[in-house]
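As provided, protein.txt (compact mmCIF, C-alpha atoms) reads as follows.
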# COMPACT_ATOMS: atom_id res chain seq x y z
CA ALA A 1 7.89 -27.46 22.17
CA MET A 2 8.75 -24.46 20.02
CA ALA A 3 7.84 -21.98 22.76
CA SER A 4 10.52 -23.26 25.09
CA SER A 5 13.37 -23.30 22.55
CA GLY A 6 15.46 -20.72 24.49
CA PRO A 7 18.08 -18.74 22.48
CA GLN A 8 17.20 -18.80 18.76
CA ASN A 9 18.88 -21.39 16.63
CA PRO A 10 20.61 -19.22 13.95
CA SER A 11 19.24 -21.42 11.18
CA GLN A 12 15.65 -20.71 12.30
CA ILE A 13 14.19 -17.72 10.52
CA MET A 14 11.01 -15.99 11.61
CA PRO A 15 8.50 -14.72 9.02
CA LEU A 16 9.02 -11.03 9.73
CA GLU A 17 12.77 -11.48 9.53
CA LEU A 18 12.30 -12.81 6.03
CA VAL A 19 10.22 -9.77 5.13
CA ASP A 20 12.89 -7.52 6.66
CA LYS A 21 15.58 -9.11 4.48
CA CYS A 22 13.52 -8.10 1.50
CA ILE A 23 13.71 -4.36 2.24
CA GLY A 24 15.28 -2.60 -0.74
CA SER A 25 14.34 -5.40 -3.15
CA LYS A 26 11.40 -6.23 -5.35
CA ILE A 27 8.53 -8.11 -3.78
CA HIS A 28 5.44 -9.67 -5.34
CA ILE A 29 2.33 -9.51 -3.17
CA LYS A 30 -0.89 -11.41 -3.76
CA MET A 31 -3.98 -9.92 -2.14
CA LYS A 32 -7.19 -11.63 -1.14
CA GLY A 33 -9.33 -11.37 -4.26
CA ASP A 34 -7.87 -10.83 -7.73
CA LYS A 35 -5.20 -8.22 -7.16
CA GLU A 36 -1.45 -8.55 -7.20
CA LEU A 37 1.29 -5.99 -6.75
CA VAL A 38 4.98 -5.85 -7.52
CA GLY A 39 7.12 -3.12 -6.03
CA THR A 40 10.24 -2.27 -4.09
CA LEU A 41 9.81 -2.76 -0.37
CA LEU A 42 10.79 0.30 1.66
CA GLY A 43 9.50 -0.79 5.05
CA PHE A 44 6.72 -2.36 7.04
CA ASP A 45 5.25 -2.43 10.55
CA PRO A 46 4.21 -5.25 12.90
CA TYR A 47 0.80 -5.44 11.19
CA VAL A 48 2.60 -5.97 7.88
CA ASN A 49 1.26 -2.74 6.47
CA MET A 50 3.86 -2.08 3.75
CA VAL A 51 5.50 0.96 2.21
CA LEU A 52 6.30 0.24 -1.43
CA GLU A 53 7.69 2.28 -4.30
CA ASP A 54 7.55 1.99 -8.10
CA VAL A 55 4.55 -0.27 -7.77
CA VAL A 56 2.69 -2.10 -10.52
CA VAL A 57 -0.82 -3.16 -9.52
CA TYR A 58 -2.42 -6.00 -11.48
CA GLU A 59 -6.20 -6.42 -11.36
CA ILE A 60 -6.97 -9.81 -12.79
CA SER A 61 -10.30 -10.62 -14.36
CA SER A 62 -11.75 -12.85 -17.07
CA GLN A 63 -11.25 -9.83 -19.39
CA GLY A 64 -7.52 -9.84 -18.76
CA LYS A 65 -5.15 -7.86 -16.54
CA LYS A 66 -5.60 -4.22 -15.79
CA VAL A 67 -2.32 -2.55 -14.83
CA THR A 68 -1.83 0.59 -12.73
CA ARG A 69 1.48 2.18 -11.82
CA LEU A 70 2.01 4.05 -8.56
CA GLU A 71 5.11 5.83 -7.30
CA GLN A 72 4.82 5.32 -3.59
CA ILE A 73 2.14 3.64 -1.49
CA LEU A 74 1.20 2.47 1.94
CA LEU A 75 -0.53 -0.89 1.49
CA ASN A 76 -2.99 -1.99 4.16
CA GLY A 77 -1.78 -5.32 5.53
CA ASN A 78 -5.34 -6.53 6.11
CA ASN A 79 -5.78 -7.88 2.61
CA ILE A 80 -2.38 -9.40 1.98
CA ALA A 81 -2.49 -13.15 1.36
CA LEU A 82 0.98 -14.05 0.10
CA MET A 83 4.33 -12.33 -0.33
CA ILE A 84 7.09 -13.51 -2.68
CA PRO A 85 10.51 -11.90 -2.15
CA GLY A 86 12.19 -11.10 -5.45
CA GLY A 87 9.03 -12.06 -7.32
CA GLU A 88 8.35 -10.54 -10.73
CA GLY A 89 4.58 -10.69 -10.81
CA PRO A 90 1.87 -12.57 -12.67
CA ASP A 91 3.49 -12.22 -16.08
CA ASN A 92 5.81 -15.13 -15.32
CA MET B 1 17.99 7.71 -6.16
CA SER B 2 16.29 4.96 -4.14
CA SER B 3 14.68 6.05 -0.89
CA THR B 4 15.98 4.84 2.43
CA ARG B 5 14.11 2.50 4.73
CA GLN B 6 10.73 3.86 5.61
CA THR B 7 8.15 2.50 7.98
CA PRO B 8 4.44 3.14 7.49
CA SER B 9 4.39 5.88 10.12
CA ASP B 10 7.33 7.68 8.42
CA PHE B 11 5.48 7.49 5.13
CA LEU B 12 2.33 8.90 6.66
CA LYS B 13 4.12 11.88 8.19
CA GLN B 14 5.71 12.59 4.84
CA ILE B 15 2.54 12.62 2.77
CA ILE B 16 0.41 14.88 4.93
CA HIS B 17 -0.85 17.96 3.02
CA ARG B 18 0.03 16.29 -0.29
CA PRO B 19 -2.40 15.15 -2.95
CA VAL B 20 -3.06 11.44 -2.57
CA VAL B 21 -5.11 8.64 -4.07
CA VAL B 22 -6.89 6.40 -1.59
CA LYS B 23 -8.20 3.12 -2.96
CA LEU B 24 -10.85 1.27 -0.99
CA ASN B 25 -11.39 -2.48 -0.88
CA SER B 26 -14.48 -1.93 -3.02
CA GLY B 27 -12.32 -0.52 -5.83
CA VAL B 28 -13.59 3.06 -5.43
CA ASP B 29 -10.85 5.70 -5.68
CA TYR B 30 -10.72 8.95 -3.75
CA ARG B 31 -8.36 11.74 -4.75
CA GLY B 32 -7.74 14.73 -2.58
CA VAL B 33 -5.35 16.58 -0.32
CA LEU B 34 -4.48 14.65 2.81
CA VAL B 35 -5.56 16.62 5.86
CA CYS B 36 -4.86 14.02 8.53
CA LEU B 37 -5.01 10.35 9.34
CA ASP B 38 -4.49 7.97 12.22
CA GLY B 39 -3.03 4.56 12.94
CA PHE B 40 -6.23 2.86 11.85
CA MET B 41 -5.87 4.40 8.38
CA ASN B 42 -8.90 6.59 9.04
CA ILE B 43 -8.34 9.48 6.62
CA VAL B 44 -9.56 13.02 6.15
CA LEU B 45 -9.27 14.43 2.63
CA ASP B 46 -9.90 17.95 1.35
CA GLN B 47 -11.13 18.77 -2.20
CA THR B 48 -12.13 15.15 -2.52
CA GLU B 49 -13.04 13.55 -5.83
CA GLU B 50 -14.69 10.16 -5.98
CA TYR B 51 -13.85 7.90 -8.95
CA ILE B 52 -15.85 4.77 -9.61
CA ASN B 53 -14.60 2.56 -12.47
CA GLY B 54 -12.21 5.34 -13.39
CA GLN B 55 -15.02 7.86 -13.81
CA LEU B 56 -15.41 10.96 -11.69
CA LYS B 57 -18.71 10.53 -9.88
CA ALA B 58 -18.74 13.14 -7.13
CA LYS B 59 -16.85 15.97 -5.49
CA TYR B 60 -16.85 16.62 -1.75
CA GLY B 61 -15.28 19.44 0.23
CA ILE B 62 -14.04 17.48 3.19
CA ALA B 63 -14.43 13.71 3.44
CA PHE B 64 -13.75 11.21 6.20
CA LEU B 65 -12.81 7.69 5.10
CA ARG B 66 -13.02 4.86 7.62
CA GLY B 67 -9.73 2.99 7.77
CA ASN B 68 -11.11 -0.53 7.69
CA ASN B 69 -12.14 0.06 4.05
CA VAL B 70 -8.77 1.32 2.85
CA LEU B 71 -6.71 -0.89 0.54
CA TYR B 72 -3.90 1.59 -0.05
CA ILE B 73 -2.87 5.25 0.12
CA SER B 74 -0.77 6.43 -2.78
CA ALA B 75 1.29 9.60 -3.26
CA GLN B 76 3.60 11.01 -5.92
CA LYS B 77 7.24 10.81 -4.96
CA ARG B 78 8.58 14.18 -3.94
CA LYS B 79 11.13 15.40 -6.50
CA ALA B 80 14.30 16.56 -4.63
Here is the file; what I need is its structure written in the form of structure tokens.
Amino acid sequence: AMASSGPQNPSQIMPLELVDKCIGSKIHIKMKGDKELVGTLLGFDPYVNMVLEDVVVYEISSQGKKVTRLEQILLNGNNIALMIPGGEGPDN
Amino acid sequence: MSSTRQTPSDFLKQIIHRPVVVKLNSGVDYRGVLVCLDGFMNIVLDQTEEYINGQLKAKYGIAFLRGNNVLYISAQKRKA
């Protein structure tokens, strides 16, 4: 079983390690509901609350996308559904 | 120009006493000066303004925001 695997196989990567590798790069985050964000990841904590800079927030509705720009934010990890390292956002 | 690695608690220490925007899950925005906050994202703001759908709806002296409602806390970057 996974729990008894002993020393980590170097080819096995844990989720938070993947997030850590993304620090300093762009990340695309999809929230629960109709919001997405793209920004540069500065750091995060074990709850995956995230510090981001130069953020674009997309609010997606039937009327189109509303865009907000923010310089630096702490995003509450509670509402994060999906994270895409290097992602460019919903305009792709 | 890019900032160094910063955890949430570093960020929070840095933004205290600065003007911030707090967005709640409901979409309501609160702007004010950050007085204090805790690890649950409970926040106290001074000179608080409440924006609903981008429109200023109310002003409060001091306001307490319960952390479970907070989507994000946003601050202007400090110019060097």
Compute the set of chain A residues within 9 Å of chain B, using all atoms listed in the file, and express it as a ChimeraX atom specification. /A:23-24,41-45,49-51,53,70-79
Quick one: everything within 7 Å of region 61-66 of chain B, counting all atoms listed in the file, minus sequence neighbours fewer than 2 positions away in the same chain. Send it as a short mmCIF file (atom, residue, chain, number, x, y, z; two decimals) with C-alpha atoms, keeping the file's coordinate frame.
data_model
loop_
_atom_site.label_atom_id
_atom_site.label_comp_id
_atom_site.auth_asym_id
_atom_site.auth_seq_id
_atom_site.Cartn_x
_atom_site.Cartn_y
_atom_site.Cartn_z
CA ASN B 42 -8.90 6.59 9.04
CA ILE B 43 -8.34 9.48 6.62
CA VAL B 44 -9.56 13.02 6.15
CA LEU B 45 -9.27 14.43 2.63
CA ASP B 46 -9.90 17.95 1.35
CA GLN B 47 -11.13 18.77 -2.20
CA THR B 48 -12.13 15.15 -2.52
CA LYS B 59 -16.85 15.97 -5.49
CA ASN B 68 -11.11 -0.53 7.69
CA ASN B 69 -12.14 0.06 4.05
#
Please measure the separation of CA of Ala81 (chain A) and CA of Arg18 (chain B), giving the value in Å to one decimal.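 Those two atoms sit 29.6 Å apart.
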Point-to-point distance in Å for CA of Arg69 (chain A) and CA of Val28 (chain B):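 Interatomic distance, CA of Val28 (chain B) to CA of Arg69 (chain A): 16.4 Å.
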So which residues touch Val56 (chain A) within 7 Å, counting all atoms listed in the file, skipping near sequence neighbours fewer than 4 positions away, as a list of chain:residue names?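 The residues satisfying every condition are A:Leu37, A:Val38, A:Gly39, A:Val67, A:Thr68, A:Arg69, A:Leu70.
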Quick one: pull the distance between CA of Met31 (chain A) and CA of Met83 (chain A), Å, one decimal. 8.8 Å
Find the residues near Lys65 (chain A): any atom within 12 Å, counting only C-alpha atoms, skip ones fewer than 4 places away on the same chain, and give them as a count of residues only. 13
